[in-house]
Amino acid sequence: MTDEYKRILLIGASGVFGSRISQQLSEEHNIILTLAGRSLDKLEALAHNMPANIKVMTIDRDNIVAADLKSFDMVIDAAGPFQSSHTMVIEAALAAECHYVDLSDGREFINNISRFDIIAKESGVAIICGASSIPALSHAVIDDIVADWQRIDNIKIGIYPGNKAPRGLSVVEAILTYVGTPIRVFRNGTWQNIYGWGKTHRVEFPHIGKRWASACNTPEQDLLVMRYKPNNSAEFFAGMELSIMHLGLLSLSYFVRWKWISSLRPYARLLLWMAIKLLPFGSDKGAMDVYVDGIDGKSQPITSRWILEADANHGPFVPTLAAVIIARNFAQGESLPLGARPCSGLIKMEEFMVEFAKLKIVTQYVE
C-alpha cells in the first residue's frame, strides 16, 4: 500500500448510485474525494455526515472542460443517463490527462468507446466504461463459470431490483429510451430485432420468489457475443417487482410500437412520480442472475446459473462495486490499463465476493 493520496472527482455524487459510491470511497484514507454535481445544497447535505476532508464542487457534465479536471487523478461519472449521452467528460479527462471511469449502460456509448483508445494510450490515460453490474460483474461471473468449458451455447442475464429500491430520474430515462422500440439481440444463432420491454416472462429465485422479466437494450448483447461467442443466444432482461409497474410499462410500450408516440422518455418525470407513490409497496429485496449452458471440459452438456439475492436495500450497492474496486485499487498503487475499453475482465470474482460479504449479499451457483 502506498502513502500517496489519489484525488478523485465523483460526478453525480448525490444520485442513487453516486451517493453509494461516495459512502464507500469516503472511508478510504488514501483517497481525497470531491463530490460533484449540479446542486450544491444536495452535495453539502451528502458530505455533512462524511469525514471532514470530503470536498464538494458544482459541475455541469454537459459543459465540463479540461480545466475542471486538471487537479484530479481520476474522475468517476455516475450521472448519466448514458443512452443518449455525449462524451464531453471523456474528452475533458483526456485533455487533462485524468483517468476516467463510468457506470454507463448505454449501448452505443460503450460500443463506440474504442475510438478513444489510441489517444488514451498516447495520453497515458485509462478510459473504462461500464464499471457496474454489466459488464463488470456479469463478465466476472461468466469467466468464473466457463473457465474450462469447451463451448458456450446460451447466455442469459437478468437484474430485478426490489420495489423499495431508490430510483432516480436518469435511471428512468435510461429505461424509457428503448421501451417499445426495436432492439438488436442475438437469438437462435442470428441477430434479430425484438421490441424493448418485450419477451415478458417470469423468473423464479430461491428466497424472493418470482419476478417479471422483459428484454432490455444494453451493451451486454454485443459484448457477450464478442467476448464469449455463444452458438445460440446472448440475452439481457430486467424486471420490476410490482406487476402494476412492470405490466403497466409493457402496456405503455405499445404506444411506441404502434408509432402513436416516438418515445416514452418525455414522460420520465411523470412515471418517476408514479413510481415514487408506489414505493411503500413491495419489498427491499433485489436479485440478479446469470445463466449459461454449453459443453464443459469433459465434453458433457452443462447448465449453470449464478444467483445473487440482496435485502435491506443493499441491492442498489451492486452497480457501484466495480467503480469502487477500481478506485480503491488505483489509490493503493495498482496501475490502470491504458486505453479505452469496456469494463470487461478487469475485476475478478474474488474481489466482488469480498464486497458482497461486507453487504451481507448472498450468492450461489446452481448446476
# chains A, B, ... in the order shown; residues from 1 in each chain; ligands from 1
call {"tool": "closest_atom_pairs", "arguments": {"of": "segment 266-316 of chain A", "to": "segment 235-244 of chain A", "cutoff": "9 Å", "atoms": "only C-alpha atoms", "output": "tab-separated table"}}
result
residue	atom	partner	partner_atom	distance
A:Leu278	CA	A:Leu242	CA	8.9
A:Phe281	CA	A:Leu242	CA	8.0
A:Gly282	CA	A:Leu242	CA	6.4
A:Ser283	CA	A:Glu241	CA	8.0
A:Gly286	CA	A:Glu241	CA	8.6
A:Met288	CA	A:Ala238	CA	8.9
call {"tool": "select_by_dssp", "arguments": {"residues": "segment 42-280 of chain A", "states": "strand (DSSP E)", "output": "ChimeraX atom specification"}}
result
/A:55-58,74-77,99-102,126-129,151-160,182-187,190-195,201-205,209-215,233-238
call {"tool": "residues_around", "arguments": {"residues": "Gly297 of chain A", "least_positions_apart": "4", "cutoff": "8 Å", "atoms": "only C-alpha atoms", "output": "list in words"}}
result
Asp148, Trp149 and Gln150 of chain A
call {"tool": "write_last_selection", "arguments": {"atoms": "all heavy atoms", "output": "PDB file, in the first residue's frame"}}
result
ATOM      1  N   ASP A 148     -13.209 -23.642 -17.831  1.00  0.00           N
ATOM      2  CA  ASP A 148     -12.672 -24.824 -18.523  1.00  0.00           C
ATOM      3  C   ASP A 148     -13.665 -25.402 -19.528  1.00  0.00           C
ATOM      4  O   ASP A 148     -13.530 -26.545 -19.952  1.00  0.00           O
ATOM      5  CB  ASP A 148     -12.282 -25.896 -17.496  1.00  0.00           C
ATOM      6  CG  ASP A 148     -13.473 -26.380 -16.684  1.00  0.00           C
ATOM      7  OD1 ASP A 148     -14.547 -25.728 -16.738  1.00  0.00           O
ATOM      8  OD2 ASP A 148     -13.345 -27.405 -15.988  1.00  0.00           O
ATOM      9  N   TRP A 149     -14.668 -24.624 -19.920  1.00  0.00           N
ATOM     10  CA  TRP A 149     -15.654 -25.125 -20.859  1.00  0.00           C
ATOM     11  C   TRP A 149     -15.089 -25.178 -22.281  1.00  0.00           C
ATOM     12  O   TRP A 149     -14.205 -24.402 -22.645  1.00  0.00           O
ATOM     13  CB  TRP A 149     -16.900 -24.237 -20.874  1.00  0.00           C
ATOM     14  CG  TRP A 149     -17.782 -24.385 -19.662  1.00  0.00           C
ATOM     15  CD1 TRP A 149     -17.426 -24.848 -18.432  1.00  0.00           C
ATOM     16  CD2 TRP A 149     -19.157 -24.030 -19.580  1.00  0.00           C
ATOM     17  NE1 TRP A 149     -18.501 -24.815 -17.579  1.00  0.00           N
ATOM     18  CE2 TRP A 149     -19.582 -24.318 -18.258  1.00  0.00           C
ATOM     19  CE3 TRP A 149     -20.082 -23.497 -20.469  1.00  0.00           C
ATOM     20  CZ2 TRP A 149     -20.883 -24.080 -17.817  1.00  0.00           C
ATOM     21  CZ3 TRP A 149     -21.371 -23.265 -20.038  1.00  0.00           C
ATOM     22  CH2 TRP A 149     -21.775 -23.562 -18.733  1.00  0.00           C
ATOM     23  N   GLN A 150     -15.635 -26.096 -23.071  1.00  0.00           N
ATOM     24  CA  GLN A 150     -15.251 -26.200 -24.474  1.00  0.00           C
ATOM     25  C   GLN A 150     -16.132 -25.338 -25.378  1.00  0.00           C
ATOM     26  O   GLN A 150     -15.692 -24.899 -26.433  1.00  0.00           O
ATOM     27  CB  GLN A 150     -15.339 -27.665 -24.927  1.00  0.00           C
ATOM     28  CG  GLN A 150     -14.393 -28.601 -24.201  1.00  0.00           C
ATOM     29  CD  GLN A 150     -14.559 -30.035 -24.658  1.00  0.00           C
ATOM     30  OE1 GLN A 150     -15.158 -30.307 -25.702  1.00  0.00           O
ATOM     31  NE2 GLN A 150     -14.042 -30.982 -23.886  1.00  0.00           N
TER      32      GLN A 150
END
call {"tool": "closest_residue", "arguments": {"among": "A:Asn112, A:Ser344, A:Thr190, A:Ser26", "to": "Arg227 of chain A", "atoms": "only C-alpha atoms"}}
result
A:Ser344
call {"tool": "residues_around", "arguments": {"residues": "Gly345 of chain A", "least_positions_apart": "5", "cutoff": "8 Å", "atoms": "only C-alpha atoms", "output": "JSON, numbers by chain"}}
result
{"A": [136, 139, 140, 143]}
call {"tool": "write_last_selection", "arguments": {"atoms": "all heavy atoms", "output": "JSON list (two decimals), in the first residue's frame"}}
result
[["chain", "number", "residue", "atom", "x", "y", "z"],
["A", 136, "ALA", "N", -19.09, -5.40, -15.94],
["A", 136, "ALA", "CA", -18.01, -5.72, -14.99],
["A", 136, "ALA", "C", -18.32, -6.96, -14.16],
["A", 136, "ALA", "O", -17.54, -7.93, -14.14],
["A", 136, "ALA", "CB", -17.73, -4.53, -14.09],
["A", 139, "HIS", "N", -19.55, -10.28, -16.41],
["A", 139, "HIS", "CA", -18.45, -10.98, -17.09],
["A", 139, "HIS", "C", -17.52, -11.67, -16.11],
["A", 139, "HIS", "O", -16.95, -12.72, -16.43],
["A", 139, "HIS", "CB", -17.68, -10.01, -17.99],
["A", 139, "HIS", "CG", -18.46, -9.59, -19.19],
["A", 139, "HIS", "ND1", -17.87, -9.06, -20.32],
["A", 139, "HIS", "CD2", -19.79, -9.62, -19.45],
["A", 139, "HIS", "CE1", -18.82, -8.78, -21.22],
["A", 139, "HIS", "NE2", -19.98, -9.11, -20.70],
["A", 140, "ALA", "N", -17.38, -11.10, -14.91],
["A", 140, "ALA", "CA", -16.59, -11.79, -13.88],
["A", 140, "ALA", "C", -17.26, -13.11, -13.51],
["A", 140, "ALA", "O", -16.58, -14.13, -13.31],
["A", 140, "ALA", "CB", -16.46, -10.89, -12.64],
["A", 143, "ASP", "N", -16.82, -15.55, -16.57],
["A", 143, "ASP", "CA", -15.43, -16.03, -16.61],
["A", 143, "ASP", "C", -15.20, -17.12, -15.59],
["A", 143, "ASP", "O", -14.49, -18.11, -15.84],
["A", 143, "ASP", "CB", -14.47, -14.87, -16.35],
["A", 143, "ASP", "CG", -14.39, -13.89, -17.51],
["A", 143, "ASP", "OD1", -14.87, -14.24, -18.60],
["A", 143, "ASP", "OD2", -13.85, -12.78, -17.31]]
call {"tool": "closest_residue", "arguments": {"among": "A:Ala13, A:Val225, A:Ile32, A:Ala93", "to": "Thr58 of chain A", "atoms": "only C-alpha atoms"}}
result
A:Ala13
call {"tool": "select_by_dssp", "arguments": {"residues": "segment 287-361 of chain A", "states": "alpha helix (DSSP H)", "output": "list of chain:residue names"}}
result
A:Leu321, A:Ala322, A:Ala323, A:Val324, A:Ile325, A:Ile326, A:Ala327, A:Arg328, A:Asn329, A:Phe330, A:Ala331, A:Met349, A:Glu350, A:Glu351, A:Phe352, A:Met353, A:Val354, A:Glu355, A:Phe356, A:Ala357, A:Lys358, A:Leu359
call {"tool": "residues_around", "arguments": {"residues": "segment 331-337 of chain A", "least_positions_apart": "3", "cutoff": "8 Å", "atoms": "only C-alpha atoms", "output": "list in words"}}
result
Met1, Thr2, Glu4, Tyr5, Lys6, Asn30, Ile31, Ala126, Ala327 and Arg328 of chain A
call {"tool": "write_last_selection", "arguments": {"atoms": "all heavy atoms", "output": "PDB file, in the first residue's frame"}}
result
ATOM      1  N   MET A   1       0.837  -1.193   0.000  1.00  0.00           N
ATOM      2  CA  MET A   1       0.000   0.000   0.000  1.00  0.00           C
ATOM      3  C   MET A   1       0.871   1.242   0.000  1.00  0.00           C
ATOM      4  O   MET A   1       1.899   1.292   0.655  1.00  0.00           O
ATOM      5  CB  MET A   1      -0.926  -0.011   1.229  1.00  0.00           C
ATOM      6  CG  MET A   1      -1.870   1.197   1.295  1.00  0.00           C
ATOM      7  SD  MET A   1      -3.004   1.086   2.710  1.00  0.00           S
ATOM      8  CE  MET A   1      -3.980  -0.322   2.233  1.00  0.00           C
ATOM      9  N   THR A   2       0.446   2.251  -0.753  1.00  0.00           N
ATOM     10  CA  THR A   2       1.213   3.480  -0.837  1.00  0.00           C
ATOM     11  C   THR A   2       0.639   4.552   0.065  1.00  0.00           C
ATOM     12  O   THR A   2      -0.545   4.532   0.382  1.00  0.00           O
ATOM     13  CB  THR A   2       1.221   3.988  -2.295  1.00  0.00           C
ATOM     14  OG1 THR A   2       1.930   5.211  -2.334  1.00  0.00           O
ATOM     15  CG2 THR A   2      -0.186   4.215  -2.803  1.00  0.00           C
ATOM     16  N   GLU A   4       0.721   7.650  -0.864  1.00  0.00           N
ATOM     17  CA  GLU A   4       0.343   8.741  -1.759  1.00  0.00           C
ATOM     18  C   GLU A   4      -1.172   8.829  -1.864  1.00  0.00           C
ATOM     19  O   GLU A   4      -1.866   7.826  -2.030  1.00  0.00           O
ATOM     20  CB  GLU A   4       0.942   8.506  -3.141  1.00  0.00           C
ATOM     21  CG  GLU A   4       0.602   9.601  -4.141  1.00  0.00           C
ATOM     22  CD  GLU A   4       1.109   9.288  -5.529  1.00  0.00           C
ATOM     23  OE1 GLU A   4       1.822   8.274  -5.665  1.00  0.00           O
ATOM     24  OE2 GLU A   4       0.778  10.037  -6.447  1.00  0.00           O
ATOM     25  N   TYR A   5      -1.684  10.051  -1.770  1.00  0.00           N
ATOM     26  CA  TYR A   5      -3.119  10.248  -1.912  1.00  0.00           C
ATOM     27  C   TYR A   5      -3.490  10.340  -3.388  1.00  0.00           C
ATOM     28  O   TYR A   5      -2.744  10.881  -4.196  1.00  0.00           O
ATOM     29  CB  TYR A   5      -3.549  11.537  -1.203  1.00  0.00           C
ATOM     30  CG  TYR A   5      -3.495  11.458   0.301  1.00  0.00           C
ATOM     31  CD1 TYR A   5      -2.381  11.893   0.998  1.00  0.00           C
ATOM     32  CD2 TYR A   5      -4.571  10.946   1.013  1.00  0.00           C
ATOM     33  CE1 TYR A   5      -2.325  11.821   2.379  1.00  0.00           C
ATOM     34  CE2 TYR A   5      -4.532  10.864   2.397  1.00  0.00           C
ATOM     35  CZ  TYR A   5      -3.406  11.303   3.077  1.00  0.00           C
ATOM     36  OH  TYR A   5      -3.371  11.224   4.440  1.00  0.00           O
ATOM     37  N   LYS A   6      -4.668   9.826  -3.720  1.00  0.00           N
ATOM     38  CA  LYS A   6      -5.216   9.978  -5.054  1.00  0.00           C
ATOM     39  C   LYS A   6      -6.431  10.894  -4.968  1.00  0.00           C
ATOM     40  O   LYS A   6      -7.312  10.716  -4.119  1.00  0.00           O
ATOM     41  CB  LYS A   6      -5.617   8.627  -5.642  1.00  0.00           C
ATOM     42  CG  LYS A   6      -4.437   7.674  -5.853  1.00  0.00           C
ATOM     43  CD  LYS A   6      -3.440   8.212  -6.861  1.00  0.00           C
ATOM     44  CE  LYS A   6      -2.330   7.205  -7.127  1.00  0.00           C
ATOM     45  NZ  LYS A   6      -1.310   7.729  -8.066  1.00  0.00           N
ATOM     46  N   ASN A  30      -6.594   6.856   1.798  1.00  0.00           N
ATOM     47  CA  ASN A  30      -5.646   7.358   0.799  1.00  0.00           C
ATOM     48  C   ASN A  30      -6.335   7.924  -0.445  1.00  0.00           C
ATOM     49  O   ASN A  30      -5.746   8.017  -1.510  1.00  0.00           O
ATOM     50  CB  ASN A  30      -4.651   6.264   0.398  1.00  0.00           C
ATOM     51  CG  ASN A  30      -5.335   4.960   0.046  1.00  0.00           C
ATOM     52  OD1 ASN A  30      -6.554   4.862   0.090  1.00  0.00           O
ATOM     53  ND2 ASN A  30      -4.554   3.956  -0.292  1.00  0.00           N
ATOM     54  N   ILE A  31      -7.616   8.303  -0.276  1.00  0.00           N
ATOM     55  CA  ILE A  31      -8.357   8.980  -1.339  1.00  0.00           C
ATOM     56  C   ILE A  31      -8.828  10.340  -0.845  1.00  0.00           C
ATOM     57  O   ILE A  31      -9.428  10.441   0.231  1.00  0.00           O
ATOM     58  CB  ILE A  31      -9.572   8.153  -1.799  1.00  0.00           C
ATOM     59  CG1 ILE A  31      -9.124   6.890  -2.556  1.00  0.00           C
ATOM     60  CG2 ILE A  31     -10.500   8.984  -2.681  1.00  0.00           C
ATOM     61  CD1 ILE A  31     -10.261   5.983  -2.982  1.00  0.00           C
ATOM     62  N   ALA A 126      -6.430   5.906 -18.700  1.00  0.00           N
ATOM     63  CA  ALA A 126      -7.368   4.783 -18.784  1.00  0.00           C
ATOM     64  C   ALA A 126      -8.783   5.330 -18.904  1.00  0.00           C
ATOM     65  O   ALA A 126      -9.203   6.164 -18.100  1.00  0.00           O
ATOM     66  CB  ALA A 126      -7.254   3.899 -17.551  1.00  0.00           C
ATOM     67  N   ALA A 327     -11.369   2.248  -8.125  1.00  0.00           N
ATOM     68  CA  ALA A 327     -10.833   3.443  -7.461  1.00  0.00           C
ATOM     69  C   ALA A 327      -9.969   3.070  -6.266  1.00  0.00           C
ATOM     70  O   ALA A 327      -8.893   3.651  -6.049  1.00  0.00           O
ATOM     71  CB  ALA A 327     -11.986   4.346  -7.031  1.00  0.00           C
ATOM     72  N   ARG A 328     -10.405   2.096  -5.504  1.00  0.00           N
ATOM     73  CA  ARG A 328      -9.651   1.678  -4.319  1.00  0.00           C
ATOM     74  C   ARG A 328      -8.304   1.062  -4.723  1.00  0.00           C
ATOM     75  O   ARG A 328      -7.258   1.383  -4.139  1.00  0.00           O
ATOM     76  CB  ARG A 328     -10.471   0.683  -3.495  1.00  0.00           C
ATOM     77  CG  ARG A 328      -9.790   0.259  -2.194  1.00  0.00           C
ATOM     78  CD  ARG A 328     -10.586  -0.827  -1.503  1.00  0.00           C
ATOM     79  NE  ARG A 328     -11.896  -0.346  -1.107  1.00  0.00           N
ATOM     80  CZ  ARG A 328     -13.029  -1.003  -1.318  1.00  0.00           C
ATOM     81  NH1 ARG A 328     -13.013  -2.161  -1.955  1.00  0.00           N
ATOM     82  NH2 ARG A 328     -14.173  -0.512  -0.898  1.00  0.00           N
TER      83      ARG A 328
END
call {"tool": "atom_distance", "arguments": {"atom1": "atom CA of Thr87 of chain A", "atom2": "atom CA of Thr218 of chain A"}}
result
17.7 Å
call {"tool": "residues_around", "arguments": {"residues": "Phe356 of chain A", "least_positions_apart": "2", "cutoff": "12 Å", "atoms": "only C-alpha atoms", "output": "list of chain:residue names"}}
result
A:Leu137, A:Leu308, A:Glu309, A:Ala310, A:Asp311, A:His314, A:Gly315, A:Phe317, A:Val318, A:Pro319, A:Thr320, A:Leu321, A:Ala322, A:Ile325, A:Met349, A:Glu350, A:Glu351, A:Phe352, A:Met353, A:Val354, A:Lys358, A:Leu359, A:Lys360, A:Ile361, A:Val362, A:Thr363, A:Gln364
call {"tool": "closest_residue", "arguments": {"among": "A:Ser39, A:Asn63, A:Asn313, A:Ser304", "to": "Tyr365 of chain A", "atoms": "only C-alpha atoms"}}
result
A:Ser304
call {"tool": "residues_around", "arguments": {"residues": "Gly189 of chain A", "least_positions_apart": "5", "cutoff": "12 Å", "atoms": "only C-alpha atoms", "output": "PyMOL selection string"}}
result
chain A and resi 152-155+225+229-235
call {"tool": "atom_distance", "arguments": {"atom1": "atom CA of Met57 of chain A", "atom2": "atom CA of Ala78 of chain A"}}
result
15.0 Å
call {"tool": "decode", "arguments": {"residues": "segment 54-77 of chain A", "atoms": "C-alpha atoms", "output": "PDB file, in the first residue's frame"}}
result
ATOM      1  CA  ILE A  54     -14.517  15.435   1.770  1.00  0.00           C
ATOM      2  CA  LYS A  55     -14.795  18.325  -0.689  1.00  0.00           C
ATOM      3  CA  VAL A  56     -17.717  19.470  -2.830  1.00  0.00           C
ATOM      4  CA  MET A  57     -17.916  21.405  -6.088  1.00  0.00           C
ATOM      5  CA  THR A  58     -20.580  22.185  -8.658  1.00  0.00           C
ATOM      6  CA  ILE A  59     -20.048  20.786 -12.147  1.00  0.00           C
ATOM      7  CA  ASP A  60     -22.410  20.509 -15.072  1.00  0.00           C
ATOM      8  CA  ARG A  61     -21.238  17.461 -17.027  1.00  0.00           C
ATOM      9  CA  ASP A  62     -22.885  18.955 -20.122  1.00  0.00           C
ATOM     10  CA  ASN A  63     -20.431  21.866 -20.023  1.00  0.00           C
ATOM     11  CA  ILE A  64     -17.344  20.307 -18.452  1.00  0.00           C
ATOM     12  CA  VAL A  65     -13.877  21.307 -19.696  1.00  0.00           C
ATOM     13  CA  ALA A  66     -10.339  20.058 -19.120  1.00  0.00           C
ATOM     14  CA  ALA A  67      -9.628  22.790 -16.572  1.00  0.00           C
ATOM     15  CA  ASP A  68     -12.283  21.286 -14.290  1.00  0.00           C
ATOM     16  CA  LEU A  69     -10.295  18.028 -14.093  1.00  0.00           C
ATOM     17  CA  LYS A  70      -6.705  19.283 -14.060  1.00  0.00           C
ATOM     18  CA  SER A  71      -6.272  18.811 -10.305  1.00  0.00           C
ATOM     19  CA  PHE A  72      -7.641  15.240 -10.232  1.00  0.00           C
ATOM     20  CA  ASP A  73      -6.089  11.813 -10.798  1.00  0.00           C
ATOM     21  CA  MET A  74      -9.393  10.123 -11.636  1.00  0.00           C
ATOM     22  CA  VAL A  75     -12.943  11.152 -12.469  1.00  0.00           C
ATOM     23  CA  ILE A  76     -15.894   8.792 -11.930  1.00  0.00           C
ATOM     24  CA  ASP A  77     -19.046   9.643 -13.875  1.00  0.00           C
TER      25      ASP A  77
END
